[in-house]
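Next comes my_file.cif, with mmCIF, C-alpha atoms and all ligand atoms.
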data_coords
#
loop_
_atom_site.label_atom_id
_atom_site.label_comp_id
_atom_site.auth_asym_id
_atom_site.auth_seq_id
_atom_site.Cartn_x
_atom_site.Cartn_y
_atom_site.Cartn_z
CA MET A 1 66.70 151.49 138.79
CA LEU A 2 66.36 149.94 142.23
CA LYS A 3 69.79 149.29 143.69
CA THR A 4 70.17 145.75 145.01
CA HIS A 5 72.80 144.76 147.53
CA THR A 6 74.82 141.58 147.46
CA GLN A 7 75.00 139.41 150.55
CA ALA A 8 78.64 140.41 150.98
CA GLU A 9 77.59 144.08 151.11
CA TRP A 10 74.97 143.33 153.77
CA ILE A 11 77.52 141.39 155.80
CA ALA A 12 79.93 144.34 155.64
CA ARG A 13 77.15 146.72 156.75
CA ALA A 14 76.17 144.38 159.60
CA GLN A 15 79.76 144.31 160.80
CA GLN A 16 79.68 148.09 161.21
CA VAL A 17 76.54 148.24 163.32
CA LEU A 18 76.20 144.87 165.09
CA PRO A 19 78.72 143.50 167.59
CA ALA A 20 80.33 140.36 166.15
CA GLY A 21 78.48 141.26 162.95
CA GLY A 22 75.20 139.67 163.96
CA PHE A 23 72.20 139.25 166.21
CA GLY A 24 74.10 136.77 168.37
CA ASN A 25 71.98 133.83 167.22
CA PHE A 26 73.47 132.31 164.14
CA ASP A 27 76.29 132.35 161.59
CA PRO A 28 76.58 136.03 160.54
CA GLY A 29 77.93 134.88 157.15
CA ILE A 30 74.42 134.51 155.74
CA LEU A 31 71.36 136.75 155.62
CA ILE A 32 67.96 135.27 154.88
CA ALA A 33 66.01 137.48 152.51
CA ARG A 34 62.80 135.48 152.19
CA GLY A 35 61.01 132.31 153.25
CA GLU A 36 58.12 130.48 151.65
CA GLY A 37 56.85 127.04 152.61
CA SER A 38 59.81 124.74 153.18
CA ARG A 39 62.33 127.02 151.49
CA VAL A 40 64.39 130.13 152.30
CA TRP A 41 66.49 132.34 150.02
CA ASP A 42 69.62 134.22 151.02
CA GLU A 43 70.45 137.80 149.96
CA ASP A 44 72.23 136.49 146.87
CA GLY A 45 69.09 134.61 145.83
CA LYS A 46 70.45 131.15 146.64
CA GLU A 47 67.64 128.78 147.60
CA TYR A 48 67.70 126.29 150.48
CA VAL A 49 65.46 123.68 152.05
CA ASP A 50 65.00 125.12 155.50
CA TYR A 51 65.63 122.83 158.46
CA LEU A 52 66.37 125.74 160.80
CA ILE A 53 62.77 127.06 160.55
CA GLY A 54 63.48 130.10 162.70
CA SER A 55 64.99 127.80 165.37
CA GLY A 56 61.72 125.94 165.75
CA PRO A 57 58.64 128.16 165.46
CA MET A 58 57.86 127.66 161.75
CA LEU A 59 56.69 124.07 162.12
CA LEU A 60 54.14 124.63 159.34
CA GLY A 61 56.72 126.26 157.07
CA HIS A 62 57.00 129.92 156.10
CA GLY A 63 53.93 131.97 155.23
CA HIS A 64 51.37 129.22 155.73
CA PRO A 65 48.28 130.59 153.93
CA GLU A 66 45.88 130.00 156.83
CA VAL A 67 48.24 131.56 159.37
CA MET A 68 48.78 134.54 157.06
CA GLU A 69 45.02 134.95 156.75
CA ALA A 70 44.61 134.94 160.55
CA VAL A 71 47.38 137.52 160.91
CA LEU A 72 46.02 139.70 158.12
CA GLU A 73 42.59 139.59 159.75
CA GLN A 74 44.07 140.83 163.03
CA LEU A 75 46.46 143.48 161.68
CA PRO A 76 43.90 146.16 160.73
CA ARG A 77 42.19 145.66 164.12
CA GLY A 78 45.33 146.60 166.01
CA MET A 79 48.87 145.36 166.55
CA THR A 80 49.29 145.66 170.30
CA PHE A 81 47.16 146.94 173.16
CA PHE A 82 48.92 146.11 176.46
CA ALA A 83 45.36 145.57 177.72
CA ASN A 84 43.75 142.11 177.72
CA ASN A 85 42.49 141.01 174.31
CA SER A 86 40.25 138.16 173.17
CA LYS A 87 42.87 136.50 170.95
CA GLY A 88 45.14 136.09 173.98
CA VAL A 89 42.29 134.64 176.04
CA GLU A 90 41.48 132.15 173.26
CA LEU A 91 45.14 131.19 173.01
CA ALA A 92 45.28 130.57 176.78
CA GLU A 93 42.19 128.35 176.50
CA ALA A 94 43.70 126.36 173.62
CA ILE A 95 46.99 125.83 175.50
CA ILE A 96 45.15 124.68 178.63
CA ASP A 97 43.11 122.22 176.55
CA ALA A 98 46.29 120.77 175.06
CA VAL A 99 48.94 120.75 177.77
CA PRO A 100 48.41 118.46 180.79
CA CYS A 101 50.09 120.57 183.51
CA CYS A 102 48.42 123.87 182.56
CA GLU A 103 45.29 125.06 184.37
CA GLN A 104 46.29 128.67 183.85
CA VAL A 105 48.93 130.44 181.80
CA ARG A 106 50.75 133.76 181.84
CA PHE A 107 52.09 135.22 178.58
CA VAL A 108 55.51 136.78 178.03
CA ALA A 109 57.43 137.74 174.89
CA SER A 110 60.25 135.17 174.77
CA GLY A 111 61.10 131.69 175.93
CA GLY A 112 63.96 132.86 178.10
CA GLU A 113 61.62 135.22 179.88
CA ALA A 114 59.15 132.39 180.50
CA ASP A 115 61.95 130.29 182.03
CA MET A 116 63.07 133.16 184.23
CA TYR A 117 59.54 133.54 185.63
CA ALA A 118 59.13 129.78 186.01
CA ILE A 119 62.18 129.74 188.29
CA ARG A 120 60.88 132.75 190.20
CA LEU A 121 57.42 131.18 190.49
CA ALA A 122 58.89 127.98 191.95
CA ARG A 123 60.75 130.07 194.51
CA ALA A 124 57.63 132.08 195.39
CA TYR A 125 55.55 128.92 195.78
CA THR A 126 58.03 126.90 197.84
CA GLY A 127 59.69 129.72 199.75
CA ARG A 128 63.06 128.14 198.85
CA ASP A 129 65.86 129.58 196.75
CA ARG A 130 67.98 126.81 195.32
CA ILE A 131 67.50 125.59 191.73
CA LEU A 132 68.76 122.32 190.30
CA LYS A 133 69.58 122.39 186.59
CA PHE A 134 71.39 120.01 184.29
CA GLU A 135 74.74 120.56 182.66
CA GLY A 136 74.17 121.44 179.01
CA GLY A 137 70.50 122.32 179.56
CA TYR A 138 69.38 125.53 177.86
CA HIS A 139 66.79 127.77 179.45
CA GLY A 140 67.39 131.18 177.91
CA MET A 141 69.49 134.04 179.12
CA SER A 142 68.56 134.73 182.75
CA ALA A 143 71.38 134.63 185.28
CA GLU A 144 70.25 131.22 186.58
CA ALA A 145 69.92 129.79 183.08
CA GLN A 146 73.40 130.92 182.15
CA MET A 147 74.94 128.35 184.45
CA SER A 148 76.78 125.32 183.07
CA LEU A 149 75.11 125.46 179.69
CA ALA A 150 78.42 125.03 177.88
CA PRO A 151 80.93 125.28 180.72
CA ALA A 152 84.32 126.59 179.67
CA LYS A 153 85.96 124.47 182.35
CA ARG A 154 85.08 121.04 183.64
CA VAL A 155 84.40 121.17 187.36
CA ASN A 156 82.94 118.65 189.79
CA PHE A 157 79.16 118.41 190.16
CA PRO A 158 77.20 120.21 191.58
CA GLN A 159 79.32 123.33 191.14
CA ALA A 160 77.87 125.84 188.66
CA VAL A 161 80.03 127.51 186.01
CA PRO A 162 78.67 130.82 184.66
CA ASP A 163 78.49 130.91 180.85
CA SER A 164 78.44 134.67 180.68
CA ALA A 165 80.27 137.63 182.10
CA GLY A 166 78.31 139.96 184.34
CA ILE A 167 76.62 137.40 186.59
CA PRO A 168 77.21 137.84 190.34
CA GLN A 169 78.76 134.89 192.20
CA GLY A 170 75.70 134.79 194.46
CA VAL A 171 73.64 133.34 191.60
CA ALA A 172 76.04 130.44 191.09
CA ASP A 173 75.87 129.75 194.83
CA GLN A 174 72.11 129.19 194.55
CA MET A 175 72.46 126.57 191.80
CA LEU A 176 73.06 122.83 191.85
CA ILE A 177 74.29 121.33 188.57
CA ALA A 178 73.77 117.64 187.81
CA PRO A 179 74.47 115.42 184.81
CA TYR A 180 71.37 114.73 182.69
CA ASN A 181 69.99 111.16 182.69
CA ASP A 182 71.55 110.32 186.07
CA LEU A 183 68.82 109.82 188.69
CA GLU A 184 71.26 108.80 191.40
CA ALA A 185 73.05 112.14 191.16
CA VAL A 186 69.75 114.00 191.59
CA ALA A 187 68.67 111.74 194.46
CA ALA A 188 71.94 112.42 196.28
CA LEU A 189 71.65 116.19 195.79
CA LEU A 190 68.07 116.33 197.03
CA ALA A 191 68.97 114.21 200.05
CA GLU A 192 71.77 116.61 200.90
CA HIS A 193 69.99 119.94 200.22
CA ASN A 194 66.60 120.67 201.77
CA ASP A 195 66.31 124.13 200.25
CA VAL A 196 65.69 123.21 196.60
CA ALA A 197 62.71 125.01 195.05
CA ALA A 198 62.73 123.34 191.64
CA ILE A 199 64.39 121.10 189.15
CA ILE A 200 64.31 122.70 185.71
CA VAL A 201 64.84 120.35 182.80
CA GLU A 202 64.46 120.18 179.05
CA PRO A 203 62.58 116.87 178.81
CA LEU A 204 64.55 116.25 175.61
CA GLN A 205 67.83 117.95 176.56
CA ARG A 206 68.89 119.75 173.35
CA ILE A 207 68.70 116.54 171.29
CA ILE A 208 69.53 114.02 174.03
CA PRO A 209 66.49 111.85 174.81
CA PRO A 210 65.55 110.93 178.36
CA ALA A 211 66.51 107.35 179.27
CA PRO A 212 63.46 105.14 179.88
CA GLY A 213 62.02 106.01 183.31
CA TYR A 214 64.25 109.04 183.79
CA LEU A 215 61.56 111.73 183.71
CA GLN A 216 59.25 109.64 185.90
CA GLY A 217 62.21 109.21 188.26
CA LEU A 218 62.61 112.99 188.45
CA ARG A 219 58.85 113.31 189.08
CA ASP A 220 59.06 110.80 191.95
CA LEU A 221 62.09 112.47 193.51
CA CYS A 222 60.42 115.88 193.31
CA ASP A 223 57.30 114.49 194.99
CA ARG A 224 59.37 112.87 197.73
CA HIS A 225 61.22 116.11 198.51
CA ASN A 226 58.40 118.62 197.84
CA VAL A 227 60.40 120.12 195.01
CA LEU A 228 58.65 121.50 191.92
CA LEU A 229 59.40 119.92 188.56
CA VAL A 230 59.69 122.45 185.73
CA PHE A 231 59.66 121.23 182.13
CA ASP A 232 61.17 123.70 179.70
CA GLU A 233 58.96 122.93 176.71
CA ILE A 234 59.97 125.97 174.66
CA VAL A 235 61.20 123.60 171.94
CA THR A 236 59.27 120.41 172.69
CA GLY A 237 55.84 122.02 173.22
CA PHE A 238 53.50 121.32 170.28
CA ARG A 239 56.44 119.62 168.54
CA LEU A 240 56.97 116.21 170.15
CA ALA A 241 53.18 115.91 170.34
CA TYR A 242 50.26 118.33 170.48
CA GLY A 243 50.51 118.18 174.29
CA GLY A 244 54.32 118.46 174.14
CA ALA A 245 56.92 116.25 175.81
CA GLN A 246 54.65 115.76 178.82
CA GLU A 247 52.13 114.05 176.55
CA ARG A 248 54.77 112.16 174.57
CA TYR A 249 56.64 110.84 177.62
CA GLY A 250 53.60 110.60 179.92
CA VAL A 251 55.08 112.59 182.80
CA THR A 252 53.36 115.74 184.04
CA PRO A 253 55.52 118.51 185.52
CA ASP A 254 54.32 121.13 188.01
CA ILE A 255 55.21 124.07 185.78
CA CYS A 256 56.02 124.22 182.09
CA THR A 257 57.25 126.89 179.74
CA LEU A 258 56.13 127.17 176.13
CA GLY A 259 57.30 129.37 173.26
CA LYS A 260 58.27 129.20 169.60
CA ILE A 261 55.28 127.36 168.01
CA ILE A 262 52.60 129.01 170.22
CA GLY A 263 53.55 132.40 168.74
CA GLY A 264 53.35 131.17 165.14
CA GLY A 265 56.59 133.01 164.30
CA PHE A 266 55.85 136.12 166.36
CA PRO A 267 57.28 137.03 169.79
CA LEU A 268 55.17 135.16 172.30
CA ALA A 269 55.85 132.61 175.02
CA ALA A 270 54.07 131.44 178.15
CA LEU A 271 54.39 129.61 181.41
CA GLY A 272 51.66 127.45 182.83
CA ALA A 273 50.84 125.41 185.92
CA SER A 274 47.98 124.53 188.26
CA ALA A 275 45.73 127.35 189.45
CA GLU A 276 47.20 126.84 192.93
CA ILE A 277 50.72 127.56 191.75
CA MET A 278 49.69 130.29 189.30
CA GLN A 279 47.87 132.19 192.06
CA HIS A 280 51.23 133.73 192.94
CA PHE A 281 50.66 136.07 189.99
CA ASP A 282 47.49 137.29 191.75
CA LYS A 283 48.25 139.76 194.52
CA ASP A 284 44.69 139.74 195.83
CA ARG A 285 44.90 136.00 196.45
CA VAL A 286 48.39 135.56 197.89
CA GLY A 287 49.07 138.99 199.39
CA PRO A 288 51.99 141.33 198.65
CA ASP A 289 54.74 139.16 200.18
CA LYS A 290 54.05 136.07 198.08
CA TRP A 291 53.05 137.95 194.96
CA LEU A 292 55.13 137.60 191.85
CA MET A 293 55.11 140.87 189.98
CA GLN A 294 55.04 140.29 186.23
CA LEU A 295 54.17 142.43 183.24
CA GLY A 296 55.51 143.13 179.76
CA THR A 297 54.61 145.52 176.94
CA LEU A 298 54.09 142.79 174.35
CA SER A 299 52.65 140.06 176.60
CA GLY A 300 49.66 138.40 174.93
CA ASN A 301 50.21 140.40 171.75
CA PRO A 302 47.10 139.86 169.58
CA VAL A 303 48.94 139.37 166.28
CA ALA A 304 51.19 136.73 167.83
CA ALA A 305 48.20 135.14 169.56
CA ALA A 306 46.25 134.98 166.27
CA ALA A 307 49.22 133.36 164.51
CA GLY A 308 49.78 130.92 167.37
CA LEU A 309 46.11 129.94 167.61
CA LYS A 310 45.85 129.18 163.91
CA THR A 311 49.14 127.27 163.97
CA MET A 312 47.89 125.16 166.86
CA GLU A 313 44.55 124.54 165.19
CA ILE A 314 46.31 123.22 162.08
CA LEU A 315 48.54 121.02 164.23
CA SER A 316 45.52 119.57 166.01
CA ARG A 317 44.15 118.16 162.75
CA ASP A 318 44.23 114.42 162.16
CA GLY A 319 47.53 112.98 161.10
CA ALA A 320 49.70 116.10 161.54
CA TYR A 321 52.13 114.51 163.98
CA ASP A 322 52.26 111.18 162.13
CA HIS A 323 53.19 113.10 159.01
CA LEU A 324 55.86 115.11 160.84
CA ARG A 325 57.33 111.91 162.29
CA ASN A 326 57.38 110.27 158.85
CA ILE A 327 59.35 113.19 157.46
CA GLY A 328 61.75 113.06 160.40
CA ARG A 329 62.19 109.31 160.10
CA THR A 330 62.99 109.63 156.39
CA LEU A 331 65.56 112.34 157.08
CA GLN A 332 67.17 110.26 159.82
CA ALA A 333 67.29 107.12 157.70
CA MET A 334 68.78 108.80 154.62
CA GLN A 335 71.65 110.20 156.69
CA SER A 336 72.23 107.13 158.79
CA ASP A 337 72.20 104.82 155.74
CA ALA A 338 74.66 106.99 153.81
CA LEU A 339 77.01 107.30 156.79
CA THR A 340 76.82 103.58 157.60
CA LYS A 341 77.54 102.67 153.97
CA ALA A 342 80.59 104.94 154.08
CA GLY A 343 81.74 103.33 157.35
CA ILE A 344 81.58 106.61 159.29
CA ALA A 345 80.94 106.26 163.03
CA HIS A 346 77.86 108.25 164.05
CA GLN A 347 74.75 108.44 166.25
CA ILE A 348 71.45 109.95 165.21
CA CYS A 349 70.41 111.56 168.45
CA GLY A 350 67.03 113.04 169.38
CA ASP A 351 63.41 112.57 168.43
CA GLU A 352 61.97 112.18 164.93
CA THR A 353 60.63 115.72 165.27
CA LEU A 354 64.03 117.19 166.21
CA PHE A 355 67.44 115.54 165.99
CA ASP A 356 70.96 115.66 164.64
CA ILE A 357 74.05 113.56 164.13
CA TYR A 358 76.91 113.05 166.54
CA PHE A 359 79.98 111.79 164.74
CA THR A 360 80.91 109.24 167.37
CA ALA A 361 80.24 105.59 168.11
CA GLN A 362 79.62 106.44 171.77
CA ALA A 363 76.01 106.66 173.01
CA CYS A 364 74.97 110.21 173.96
CA ARG A 365 73.47 110.31 177.44
CA ASP A 366 74.44 113.70 178.81
CA TYR A 367 76.41 116.85 178.06
CA ARG A 368 79.82 115.24 178.56
CA SER A 369 79.15 112.18 176.40
CA ALA A 370 77.42 114.08 173.57
CA ASN A 371 80.49 114.99 171.58
CA HIS A 372 81.84 114.59 168.09
CA ASP A 373 85.06 112.55 167.98
CA THR A 374 86.28 115.17 165.49
CA PRO A 375 84.30 118.43 165.71
CA ALA A 376 85.78 119.51 162.35
CA ARG A 377 83.86 116.65 160.72
CA ASN A 378 80.54 118.14 161.89
CA THR A 379 81.55 121.58 160.64
CA ARG A 380 82.48 120.20 157.23
CA TYR A 381 79.35 118.05 156.97
CA ASN A 382 77.07 121.01 157.65
CA ALA A 383 79.05 123.31 155.33
CA VAL A 384 78.69 120.87 152.42
CA LEU A 385 74.97 120.46 153.16
CA ARG A 386 74.62 124.23 152.96
CA GLU A 387 76.61 124.48 149.73
CA ASN A 388 74.18 121.94 148.33
CA GLY A 389 71.05 123.80 149.38
CA VAL A 390 70.29 122.45 152.85
CA PHE A 391 69.99 125.06 155.61
CA LYS A 392 70.26 123.93 159.24
CA SER A 393 72.03 124.79 162.46
CA PRO A 394 75.25 122.93 163.26
CA GLY A 395 73.61 121.14 166.21
CA LYS A 396 69.99 120.48 165.25
CA LEU A 397 67.79 119.54 162.34
CA TYR A 398 64.20 120.68 162.62
CA PRO A 399 61.83 118.90 160.18
CA SER A 400 58.76 120.94 159.24
CA LEU A 401 55.36 119.92 157.94
CA ALA A 402 56.06 121.90 154.78
CA VAL A 403 58.78 119.47 153.64
CA THR A 404 57.85 117.87 150.28
CA GLN A 405 59.16 114.86 148.37
CA ALA A 406 61.16 117.28 146.19
CA ASP A 407 62.77 118.66 149.37
CA LEU A 408 63.61 115.16 150.54
CA ASP A 409 65.14 114.33 147.13
CA LEU A 410 67.25 117.49 147.22
CA THR A 411 68.30 116.73 150.79
CA GLN A 412 69.26 113.18 149.82
CA GLU A 413 71.64 114.52 147.16
CA ALA A 414 73.13 117.04 149.60
CA VAL A 415 73.62 114.28 152.17
CA GLN A 416 75.45 112.12 149.60
CA ALA A 417 77.75 115.06 148.85
CA ALA A 418 78.38 115.80 152.54
CA VAL A 419 79.10 112.16 153.36
CA ALA A 420 81.46 111.91 150.39
CA ALA A 421 83.25 115.06 151.57
CA ILE A 422 83.88 113.86 155.11
CA HIS A 423 84.77 110.40 153.83
CA SER A 424 87.53 111.78 151.64
CA ASP A 425 88.89 114.22 154.31
C1 LIG A 501 64.84 124.75 175.58
C2 LIG A 501 64.85 126.23 175.37
N1 LIG A 501 64.50 127.04 176.38
C3 LIG A 501 64.47 128.36 176.24
C4 LIG A 501 64.81 128.97 175.05
C5 LIG A 501 64.81 130.46 174.93
O1 LIG A 501 63.76 130.89 174.13
P1 LIG A 501 63.85 132.32 173.44
O2 LIG A 501 64.96 132.25 172.45
O3 LIG A 501 62.48 132.52 172.85
O4 LIG A 501 64.14 133.30 174.55
C6 LIG A 501 65.18 128.18 173.97
C7 LIG A 501 65.56 128.80 172.70
O5 LIG A 501 65.99 128.16 171.76
C8 LIG A 501 65.22 126.78 174.14
O6 LIG A 501 65.62 125.98 173.14
#

Do you think you could lay out the structure here as C-alpha cells?
Ligand SMILES: Cc1ncc(COP(=O)(O)O)c(C=O)c1O
Amino acid sequence: MLKTHTQAEWIARAQQVLPAGGFGNFDPGILIARGEGSRVWDEDGKEYVDYLIGSGPMLLGHGHPEVMEAVLEQLPRGMTFFANNSKGVELAEAIIDAVPCCEQVRFVASGGEADMYAIRLARAYTGRDRILKFEGGYHGMSAEAQMSLAPAKRVNFPQAVPDSAGIPQGVADQMLIAPYNDLEAVAALLAEHNDVAAIIVEPLQRIIPPAPGYLQGLRDLCDRHNVLLVFDEIVTGFRLAYGGAQERYGVTPDICTLGKIIGGGFPLAALGASAEIMQHFDKDRVGPDKWLMQLGTLSGNPVAAAAGLKTMEILSRDGAYDHLRNIGRTLQAMQSDALTKAGIAHQICGDETLFDIYFTAQACRDYRSANHDTPARNTRYNAVLRENGVFKSPGKLYPSLAVTQADLDLTQEAVQAAVAAIHSD
C-alpha cells in the first residue's frame, strides 16, 4: 500500500533540509498539497478557500481549464529553449498592447530580478547612481531593494537601513529613503541631490493606497528634475486593471516591472519602457559603455509565456475586473461590518483587488502609520480564519476570480468566528 505522510512528518523532514524549515516565503507550519479553482488542500487533507493564491499570480484560481490547455499544448513542443520563441514574442506584444508605459519589454524569471534591472536601466539611461525608494516599499531581494523595507531601527530620513546581512555599506550610501505619500519630502530630496537616477515606487505600497494626486505629484517632480519614475507593478500589473496601476490611477511611469500574473503561475517577469530607454539593452545601438548586459536561462520561457498569455486573454474579457472588484468589495464589507458591530477599531486598507485589515483607528498613509495597535490581534484573527478554512497571508488578502458564493459564505462564517475570538480576548 502507498505510504502517505502526515503534514507533521513533512514539516519534520523540511526542518532537516531547509534552513528555518522552509522556503523563506511563508509560515513553514503548513504544506499545500493541491490547489483547484478557489481552494487549496494541505498535506493533512484540510480544505481552505485560498486568498493567498501563490502570493498573487493565480488570479484566475488554480488549474484554470483554459490555462491548463495552453500549457499542455506547449509542453510536448518543448519546455525551455534559451533561444527566442514565438510564445515569448506574443506575450511581449500583449503586454505592450495593455500597459501604457511599455513600448518594449525584456523578460526575466522573477519580479525581484525585474526590479534589479529596472534600477540598473535607470542608472544606464541617466548616467546617475542614486536611487530614491520609500520606506516599507518592497522591490525584491537586490541589494538596493533590501533597504528600509522593514527597518529594524527607526532612523531619520533619508538614511537607508539594510534589511539583510551581507550588503556593503556603499549600497546604502547610494540610496535616499523617503516616507510614502509625502510629496514635500521627495521635493526636498530632489532639490538637494542632483544625482538621482530614479524613484522606484509600488504605486499601491503593499496595501497602502496613494493619496489623491500623489502619483501625479511624483511624475511632475521626476519631470522637473529629469529623474526616471519606476513603477513596481509586480503585484498591481493586470490586477488593479488590465493596464495595471498606471491605467487605474492614470499616471504613466518611465519604466515598469511586471511579474506574477504575466507568468500564469510559472516563473516569468518583465520590465518595460519606451524604446528609447530600452535601447540600453541593445549594444549595437548604445555602444559597449552604455550597454546593459542582461540574460537568463529561463527568460521568456515558452511554458510560462503560454500560461501568461492565456491568463491575460481571459482577463481581457468583458466584465472580468468588475467581477473581481465585486468579490473584493463583498469581502471587505463582510469583515468591516462584523468588526464594526463588535466595536473593534480597524481600517480596511488597500484596493478592492488587494487589501487587508489594520487593527487601528488611525489612517494608514505610510510605513510608520500602518500598524496594528495590538499586533497579537492580527495574529489571532488570521489564525482563527485559518482554523475555519480561510487561507491568507497575515498582511494581505488577494481575491481571485475563482471565488464563488459558497466560498464567500464559508468566509463569512470564518470571519464571524475570528471577530468573536478577538472580541473575547
Ligand atoms: C511589489 C513587489 N515587487 C517585487 C516582488 C518580487 O517578486 P518575486 O517574488 O517574483 O521576485 C514582489 C513579490 O511579492 C512584490 O510584491

| Can you list, as number ranges by chain, every protein, DNA or RNA residue that comes within 7 Å of A:Gly264 when you count only C-alpha atoms, leaving out same-chain residues fewer than 4 positions away? | A: 57-58, 260, 304, 307-308, 311

| Using only C-alpha atoms and all ligand atoms, what are the residues with an atom within 7 Å of ligand LIG 501 (chain A), set out as an MDAnalysis selection string? | chainID A and resid 55 110:113 115 138:140 202 206 232:235 259:260 269

Produce a table with one row for each residue of stretch 181-286 of chain A that has an atom at most 12 Å from any atom of stretch 65-88 of chain A, each row naming the nearest atom pair and its distance in Å at one decimal; use only C-alpha atoms; arrange rows by chain and rising residue number; format as a Markdown table.
| residue | atom | partner | partner_atom | distance |
| --- | --- | --- | --- | --- |
| A:Ile261 | CA | A:Val67 | CA | 11.9 |
| A:Ile262 | CA | A:Gly88 | CA | 11.0 |
| A:Gly263 | CA | A:Gly88 | CA | 10.6 |
| A:Gly264 | CA | A:Val67 | CA | 7.7 |
| A:Gly265 | CA | A:Val67 | CA | 9.8 |
| A:Phe266 | CA | A:Val71 | CA | 10.2 |
| A:Pro267 | CA | A:Thr80 | CA | 11.8 |
| A:Leu268 | CA | A:Gly88 | CA | 10.2 |
| A:Ala269 | CA | A:Gly88 | CA | 11.3 |
| A:Ala270 | CA | A:Gly88 | CA | 10.9 |

| said: Between A:Leu410, A:Cys364, A:Cys102, A:Met141, which residue has the minimum interatomic distance to A:Pro210, considering all atoms listed in the file? | reply: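 Distance minimum relative to A:Pro210 lands on A:Cys364.
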
| said: For A:Cys349, find every residue with an atom within 10 Å (counting only C-alpha atoms), except residues of its own chain fewer than 5 positions away, and show them as a ChimeraX atom specification. | reply: /A:206-209,332,354-358,363-365,370,396

Using all atoms listed in the file, which protein or nucleic acid residues come within 6 Å of A:Ser299? Drop anything in the same chain fewer than 6 positions from it, and give the result as a PDB file with C-alpha atoms, in the coordinates of the input.
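Resulting contents of selection00.pdb:
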ATOM      1  CA  PHE A 107      52.090 135.220 178.580  1.00  0.00           C
ATOM      2  CA  VAL A 108      55.510 136.780 178.030  1.00  0.00           C
ATOM      3  CA  ALA A 109      57.430 137.740 174.890  1.00  0.00           C
TER       4      ALA A 109
END

List every residue of stretch 270-357 of chain A that has an atom at most 9 Å from any atom of stretch 242-246 of chain A, giving for each one its closest atom pair and the distance in Å to one decimal, counting all atoms listed in the file, sorted by chain and then by ascending residue number, as JSON lines.
{"residue": "A:Met312", "atom": "CA", "partner": "A:Tyr242", "partner_atom": "CA", "distance": 8.1}
{"residue": "A:Leu315", "atom": "CA", "partner": "A:Tyr242", "partner_atom": "CA", "distance": 7.0}
{"residue": "A:Ser316", "atom": "CA", "partner": "A:Tyr242", "partner_atom": "CA", "distance": 6.6}
{"residue": "A:Tyr321", "atom": "CA", "partner": "A:Tyr242", "partner_atom": "CA", "distance": 7.8}

Which residues of stretch 246-322 of chain A come within 9 Å of stretch 216-219 of chain A, and what is each one's closest atom pair and distance in Å (one decimal), counting only C-alpha atoms, sorted by chain and residue number, as a tab-separated table?
residue	atom	partner	partner_atom	distance
A:Tyr249	CA	A:Gln216	CA	8.8
A:Gly250	CA	A:Gln216	CA	8.3
A:Val251	CA	A:Gln216	CA	6.0
A:Thr252	CA	A:Arg219	CA	7.8
A:Pro253	CA	A:Arg219	CA	7.1

| query | Need the neighbours of (73.4, 126.7, 152.3): which residues are at most 7 Å away, counting all atoms listed in the file, as a list of chain:residue names? | reply |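 Looking at atoms near the point gives A:Tyr48, A:Leu385, A:Arg386, A:Glu387, A:Asn388, A:Gly389, A:Val390, A:Phe391.
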
Here's a test: counting only C-alpha atoms, identify every protein, DNA and RNA residue with an atom at most 10 Å from (53.2, 138.1, 197.7) in the file's coordinate frame, and state them as a CSV table (one decimal) with C-alpha atoms, keeping the file's coordinate frame.
chain,number,residue,atom,x,y,z
A,124,ALA,CA,57.6,132.1,195.4
A,125,TYR,CA,55.6,128.9,195.8
A,279,GLN,CA,47.9,132.2,192.1
A,280,HIS,CA,51.2,133.7,192.9
A,281,PHE,CA,50.7,136.1,190.0
A,282,ASP,CA,47.5,137.3,191.8
A,283,LYS,CA,48.2,139.8,194.5
A,284,ASP,CA,44.7,139.7,195.8
A,285,ARG,CA,44.9,136.0,196.4
A,286,VAL,CA,48.4,135.6,197.9
A,287,GLY,CA,49.1,139.0,199.4
A,288,PRO,CA,52.0,141.3,198.6
A,289,ASP,CA,54.7,139.2,200.2
A,290,LYS,CA,54.0,136.1,198.1
A,291,TRP,CA,53.0,138.0,195.0
A,292,LEU,CA,55.1,137.6,191.8
A,293,MET,CA,55.1,140.9,190.0

| query | Quick one: of A:Asp351, A:Glu413, A:Asp318, A:Asp220, who's nearest to A:Ala338, counting only C-alpha atoms? | reply |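 Among A:Asp351, A:Glu413, A:Asp318, A:Asp220, it is A:Glu413 that comes nearest to A:Ala338.
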
Which centre and edge lengths in Å to one decimal define the box along x, y and z that fits every listed atom of stretch 39-56 of chain A plus 5 Å per side, as lines of an AutoDock Vina configuration file?
center_x = 67.0
center_y = 130.3
center_z = 155.8
size_x = 20.5
size_y = 25.0
size_z = 29.9

| query | In Å, with one decimal, what is the gap from atom CA of A:Leu331 to atom CA of A:Tyr381? | reply | 14.9 Å

| message | One number please: atom CA of A:Phe26 to atom CA of A:Tyr180, in Å, one decimal. | response |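 Taking atom CA of A:Phe26 and atom CA of A:Tyr180, their separation equals 25.6 Å.
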
| task | Measure the distance from atom CA of A:Val201 to atom CA of A:Phe231 in Å and round it to one decimal. | result |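 Between these atoms lies a distance of 5.3 Å.
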